[in-house]
Amino acid sequence: MANFVAVLDPDADRRRAYVSELQSRIAPLPGLVTDRREVGQCAVIWAAGPRAPVSVESSLNRLGLIWGDAIPGPGPTRLTASGLLREWLDQPEPFPTFDGYFAALV
């Protein structure tokens, strides 16, 4: 199980207040682990099981998240958030697609 909310808002105070309010509601079941990231005008908050596959990569101006398993090709390899950023932001279009059961955000 994973719950996530992404907020795009140029008003930093309003964005942070909204995400702070969500902090207490994002994990409706006991035992879920919550986390959040903020990059530029984007804030993301999520809750997932402690063993759930979650990959995060963030810097001053880039954010990549994968909840679940994104499979880039045949074999057991799973895509990481840093790989997602390379595939979706650093490569010419069209964006590659992946197999698996996941949600991704860049």
# chains A, B, ... in the order shown; residues from 1 in each chain; ligands from 1

call {"tool": "select_by_dssp", "arguments": {"residues": "chain A", "states": "helix (DSSP H, G or I)", "output": "ChimeraX atom specification"}}
result
/A:12-23,81-89

call {"tool": "write_last_selection", "arguments": {"atoms": "N, CA, C and O atoms", "output": "CSV table (one decimal), in the first residue's frame"}}
result
chain,number,residue,atom,x,y,z
A,12,ALA,N,5.0,29.3,-1.3
A,12,ALA,CA,5.7,28.4,-0.4
A,12,ALA,C,5.1,28.2,0.9
A,12,ALA,O,5.0,27.1,1.4
A,13,ASP,N,4.6,29.3,1.5
A,13,ASP,CA,3.9,29.2,2.8
A,13,ASP,C,2.6,28.3,2.7
A,13,ASP,O,2.4,27.5,3.6
A,14,ARG,N,1.8,28.6,1.7
A,14,ARG,CA,0.6,27.8,1.5
A,14,ARG,C,0.9,26.3,1.2
A,14,ARG,O,0.3,25.4,1.8
A,15,ARG,N,1.9,26.1,0.4
A,15,ARG,CA,2.3,24.7,0.0
A,15,ARG,C,2.7,24.0,1.3
A,15,ARG,O,2.3,22.8,1.5
A,16,ARG,N,3.6,24.6,2.1
A,16,ARG,CA,4.1,23.9,3.3
A,16,ARG,C,3.0,23.7,4.3
A,16,ARG,O,3.0,22.7,5.0
A,17,ALA,N,2.1,24.6,4.5
A,17,ALA,CA,1.0,24.5,5.4
A,17,ALA,C,0.1,23.3,5.0
A,17,ALA,O,-0.3,22.5,5.9
A,18,TYR,N,-0.2,23.2,3.7
A,18,TYR,CA,-1.0,22.1,3.2
A,18,TYR,C,-0.4,20.8,3.5
A,18,TYR,O,-1.0,19.8,4.0
A,19,VAL,N,0.9,20.7,3.1
A,19,VAL,CA,1.6,19.4,3.3
A,19,VAL,C,1.8,19.0,4.8
A,19,VAL,O,1.6,17.9,5.2
A,20,SER,N,2.0,20.0,5.6
A,20,SER,CA,2.1,19.8,7.1
A,20,SER,C,0.7,19.3,7.6
A,20,SER,O,0.7,18.4,8.4
A,21,GLU,N,-0.4,19.8,7.1
A,21,GLU,CA,-1.7,19.3,7.5
A,21,GLU,C,-1.9,17.9,7.0
A,21,GLU,O,-2.5,17.1,7.7
A,22,LEU,N,-1.4,17.5,5.9
A,22,LEU,CA,-1.5,16.1,5.4
A,22,LEU,C,-0.7,15.1,6.2
A,22,LEU,O,-1.0,13.9,6.2
A,23,GLN,N,0.4,15.6,6.8
A,23,GLN,CA,1.3,14.7,7.5
A,23,GLN,C,0.5,13.8,8.5
A,23,GLN,O,0.9,12.6,8.5
A,81,ALA,N,15.0,5.7,-8.8
A,81,ALA,CA,14.6,7.1,-9.1
A,81,ALA,C,15.6,7.9,-9.8
A,81,ALA,O,15.3,8.7,-10.7
A,82,SER,N,16.9,7.7,-9.5
A,82,SER,CA,18.0,8.3,-10.3
A,82,SER,C,18.0,7.9,-11.8
A,82,SER,O,18.2,8.7,-12.7
A,83,GLY,N,17.7,6.6,-12.0
A,83,GLY,CA,17.6,6.1,-13.4
A,83,GLY,C,16.4,6.7,-14.1
A,83,GLY,O,16.4,7.0,-15.3
A,84,LEU,N,15.3,6.8,-13.3
A,84,LEU,CA,14.1,7.4,-13.9
A,84,LEU,C,14.3,8.9,-14.3
A,84,LEU,O,13.9,9.3,-15.4
A,85,LEU,N,15.1,9.6,-13.5
A,85,LEU,CA,15.4,11.0,-13.9
A,85,LEU,C,16.2,11.0,-15.2
A,85,LEU,O,16.0,11.8,-16.1
A,86,ARG,N,17.2,10.1,-15.3
A,86,ARG,CA,18.0,10.0,-16.5
A,86,ARG,C,17.1,9.7,-17.7
A,86,ARG,O,17.2,10.2,-18.8
A,87,GLU,N,16.3,8.6,-17.5
A,87,GLU,CA,15.4,8.2,-18.6
A,87,GLU,C,14.4,9.2,-19.1
A,87,GLU,O,14.2,9.3,-20.3
A,88,TRP,N,13.8,9.9,-18.2
A,88,TRP,CA,12.7,10.8,-18.5
A,88,TRP,C,13.1,12.3,-18.7
A,88,TRP,O,12.4,13.0,-19.4
A,89,LEU,N,14.2,12.7,-18.1
A,89,LEU,CA,14.6,14.1,-18.2
A,89,LEU,C,15.8,14.3,-19.1
A,89,LEU,O,16.0,15.3,-19.7

call {"tool": "residues_around", "arguments": {"residues": "Pro53 of chain A", "least_positions_apart": "2", "cutoff": "7 Å", "atoms": "only C-alpha atoms", "output": "number ranges by chain"}}
result
A: 51, 55, 67-69

call {"tool": "write_last_selection", "arguments": {"atoms": "N, CA, C and O atoms", "output": "PDB file, in the first residue's frame"}}
result
ATOM      1  N   ARG A  51       8.436  -2.211   4.178  1.00  0.00           N
ATOM      2  CA  ARG A  51       9.202  -3.010   3.213  1.00  0.00           C
ATOM      3  C   ARG A  51       8.818  -2.714   1.775  1.00  0.00           C
ATOM      4  O   ARG A  51       9.313  -3.347   0.848  1.00  0.00           O
ATOM      5  N   SER A  55      11.738   4.433  -4.120  1.00  0.00           N
ATOM      6  CA  SER A  55      13.033   4.984  -4.519  1.00  0.00           C
ATOM      7  C   SER A  55      12.874   6.491  -4.687  1.00  0.00           C
ATOM      8  O   SER A  55      11.934   6.951  -5.342  1.00  0.00           O
ATOM      9  N   TRP A  67       7.203   4.545  -6.571  1.00  0.00           N
ATOM     10  CA  TRP A  67       6.560   3.706  -5.582  1.00  0.00           C
ATOM     11  C   TRP A  67       6.221   2.403  -6.296  1.00  0.00           C
ATOM     12  O   TRP A  67       5.445   2.400  -7.240  1.00  0.00           O
ATOM     13  N   GLY A  68       6.824   1.313  -5.891  1.00  0.00           N
ATOM     14  CA  GLY A  68       6.605   0.028  -6.548  1.00  0.00           C
ATOM     15  C   GLY A  68       7.818  -0.378  -7.350  1.00  0.00           C
ATOM     16  O   GLY A  68       8.931   0.100  -7.116  1.00  0.00           O
ATOM     17  N   ASP A  69       7.613  -1.264  -8.312  1.00  0.00           N
ATOM     18  CA  ASP A  69       8.704  -1.794  -9.130  1.00  0.00           C
ATOM     19  C   ASP A  69       8.503  -1.423 -10.595  1.00  0.00           C
ATOM     20  O   ASP A  69       7.572  -1.901 -11.241  1.00  0.00           O
TER      21      ASP A  69
END

call {"tool": "closest_residue", "arguments": {"among": "A:Ala2, A:Thr80, A:Ser24, A:Pro72", "to": "Val56 of chain A", "atoms": "only C-alpha atoms"}}
result
A:Thr80

call {"tool": "atom_distance", "arguments": {"atom1": "atom CA of Val44 of chain A", "atom2": "atom CA of Ala70 of chain A"}}
result
19.1 Å

call {"tool": "closest_residue", "arguments": {"among": "A:Gly31, A:Gly64, A:Gly73, A:Pro10", "to": "Leu105 of chain A", "atoms": "only C-alpha atoms"}}
result
A:Gly64

call {"tool": "closest_residue", "arguments": {"among": "A:Pro76, A:Asn3, A:Arg62, A:Asp11", "to": "Ala47 of chain A", "atoms": "only C-alpha atoms"}}
result
A:Asn3

call {"tool": "select_by_dssp", "arguments": {"residues": "chain A", "states": "strand (DSSP E)", "output": "ChimeraX atom specification"}}
result
/A:2-8,33-39,42-48,54-58,63-71,99-105

call {"tool": "write_last_selection", "arguments": {"atoms": "N, CA and C atoms", "output": "CSV table (one decimal), in the first residue's frame"}}
result
chain,number,residue,atom,x,y,z
A,2,ALA,N,0.5,2.2,-0.8
A,2,ALA,CA,1.2,3.5,-0.8
A,2,ALA,C,0.2,4.6,-1.1
A,3,ASN,N,0.2,5.6,-0.3
A,3,ASN,CA,-0.6,6.8,-0.5
A,3,ASN,C,0.4,7.9,-0.8
A,4,PHE,N,0.1,8.8,-1.8
A,4,PHE,CA,1.0,9.9,-2.0
A,4,PHE,C,0.2,11.1,-2.6
A,5,VAL,N,0.7,12.3,-2.3
A,5,VAL,CA,0.1,13.5,-2.7
A,5,VAL,C,1.2,14.4,-3.2
A,6,ALA,N,1.1,14.9,-4.4
A,6,ALA,CA,2.0,15.9,-4.9
A,6,ALA,C,1.3,17.2,-5.1
A,7,VAL,N,2.0,18.3,-4.6
A,7,VAL,CA,1.4,19.6,-4.6
A,7,VAL,C,2.3,20.5,-5.4
A,8,LEU,N,1.8,21.2,-6.4
A,8,LEU,CA,2.5,22.2,-7.1
A,8,LEU,C,1.9,23.6,-6.8
A,33,VAL,N,5.1,4.0,6.9
A,33,VAL,CA,6.2,5.0,7.1
A,33,VAL,C,5.9,6.2,6.2
A,34,THR,N,6.1,7.4,6.7
A,34,THR,CA,5.8,8.6,6.0
A,34,THR,C,7.1,9.3,5.7
A,35,ASP,N,7.1,10.0,4.5
A,35,ASP,CA,8.3,10.8,4.2
A,35,ASP,C,7.8,11.9,3.3
A,36,ARG,N,8.6,12.9,3.1
A,36,ARG,CA,8.2,14.0,2.2
A,36,ARG,C,9.5,14.6,1.6
A,37,ARG,N,9.3,15.2,0.4
A,37,ARG,CA,10.4,16.0,-0.3
A,37,ARG,C,9.8,17.2,-0.8
A,38,GLU,N,10.6,18.3,-0.9
A,38,GLU,CA,10.2,19.5,-1.5
A,38,GLU,C,11.3,20.0,-2.4
A,39,VAL,N,11.0,20.3,-3.7
A,39,VAL,CA,12.0,20.8,-4.6
A,39,VAL,C,11.3,21.9,-5.4
A,42,CYS,N,7.3,22.3,-5.9
A,42,CYS,CA,6.7,21.0,-5.8
A,42,CYS,C,7.0,20.4,-4.4
A,43,ALA,N,6.0,19.9,-3.7
A,43,ALA,CA,6.1,19.2,-2.5
A,43,ALA,C,5.4,17.8,-2.6
A,44,VAL,N,6.0,16.8,-2.2
A,44,VAL,CA,5.4,15.4,-2.2
A,44,VAL,C,5.5,14.8,-0.9
A,45,ILE,N,4.4,14.2,-0.4
A,45,ILE,CA,4.3,13.5,0.8
A,45,ILE,C,3.7,12.1,0.5
A,46,TRP,N,4.2,11.1,1.2
A,46,TRP,CA,3.7,9.8,1.0
A,46,TRP,C,3.8,8.9,2.2
A,47,ALA,N,3.1,7.8,2.2
A,47,ALA,CA,3.1,6.8,3.3
A,47,ALA,C,3.1,5.5,2.6
A,48,ALA,N,3.9,4.6,3.0
A,48,ALA,CA,4.1,3.2,2.4
A,48,ALA,C,4.5,2.2,3.5
A,54,VAL,N,10.3,1.8,-2.4
A,54,VAL,CA,10.2,3.2,-2.7
A,54,VAL,C,11.6,3.7,-3.0
A,55,SER,N,11.7,4.4,-4.1
A,55,SER,CA,13.0,5.0,-4.5
A,55,SER,C,12.9,6.5,-4.7
A,56,VAL,N,13.8,7.3,-4.1
A,56,VAL,CA,13.7,8.7,-4.1
A,56,VAL,C,15.1,9.3,-4.5
A,57,GLU,N,15.0,10.3,-5.4
A,57,GLU,CA,16.3,11.0,-5.8
A,57,GLU,C,15.9,12.5,-5.9
A,58,SER,N,16.6,13.3,-5.1
A,58,SER,CA,16.3,14.7,-5.2
A,58,SER,C,17.5,15.6,-5.1
A,63,LEU,N,13.5,16.2,-8.9
A,63,LEU,CA,12.9,15.2,-8.0
A,63,LEU,C,12.4,14.1,-8.8
A,64,GLY,N,12.8,12.9,-8.3
A,64,GLY,CA,12.3,11.6,-8.9
A,64,GLY,C,11.8,10.7,-7.9
A,65,LEU,N,10.7,10.1,-8.0
A,65,LEU,CA,10.1,9.1,-7.1
A,65,LEU,C,9.5,7.9,-7.8
A,66,ILE,N,9.7,6.7,-7.3
A,66,ILE,CA,9.1,5.5,-7.8
A,66,ILE,C,8.5,4.8,-6.5
A,67,TRP,N,7.2,4.5,-6.6
A,67,TRP,CA,6.6,3.7,-5.6
A,67,TRP,C,6.2,2.4,-6.3
A,68,GLY,N,6.8,1.3,-5.9
A,68,GLY,CA,6.6,0.0,-6.5
A,68,GLY,C,7.8,-0.4,-7.4
A,69,ASP,N,7.6,-1.3,-8.3
A,69,ASP,CA,8.7,-1.8,-9.1
A,69,ASP,C,8.5,-1.4,-10.6
A,70,ALA,N,9.4,-0.6,-11.1
A,70,ALA,CA,9.4,-0.2,-12.5
A,70,ALA,C,10.5,-1.1,-13.2
A,71,ILE,N,10.1,-1.8,-14.2
A,71,ILE,CA,11.0,-2.8,-14.8
A,71,ILE,C,11.4,-2.3,-16.2
A,99,ASP,N,7.7,-1.7,-17.6
A,99,ASP,CA,6.8,-2.7,-17.2
A,99,ASP,C,6.7,-2.7,-15.7
A,100,GLY,N,5.9,-3.5,-15.0
A,100,GLY,CA,5.8,-3.5,-13.6
A,100,GLY,C,4.6,-2.9,-13.1
A,101,TYR,N,4.5,-2.8,-11.7
A,101,TYR,CA,3.4,-2.2,-11.0
A,101,TYR,C,4.0,-1.1,-10.2
A,102,PHE,N,3.7,0.1,-10.6
A,102,PHE,CA,4.4,1.3,-9.9
A,102,PHE,C,3.7,2.6,-10.3
A,103,ALA,N,4.0,3.6,-9.5
A,103,ALA,CA,3.6,5.0,-9.8
A,103,ALA,C,5.0,5.7,-9.8
A,104,ALA,N,5.1,6.7,-10.7
A,104,ALA,CA,6.4,7.4,-10.8
A,104,ALA,C,6.0,8.9,-10.9
A,105,LEU,N,7.0,9.7,-10.4
A,105,LEU,CA,6.8,11.2,-10.4
A,105,LEU,C,8.2,11.8,-10.7

call {"tool": "atom_distance", "arguments": {"atom1": "atom CA of Thr97 of chain A", "atom2": "atom CA of Asp9 of chain A"}}
result
27.9 Å

call {"tool": "atom_distance", "arguments": {"atom1": "atom CA of Gly75 of chain A", "atom2": "atom CA of Pro96 of chain A"}}
result
16.9 Å
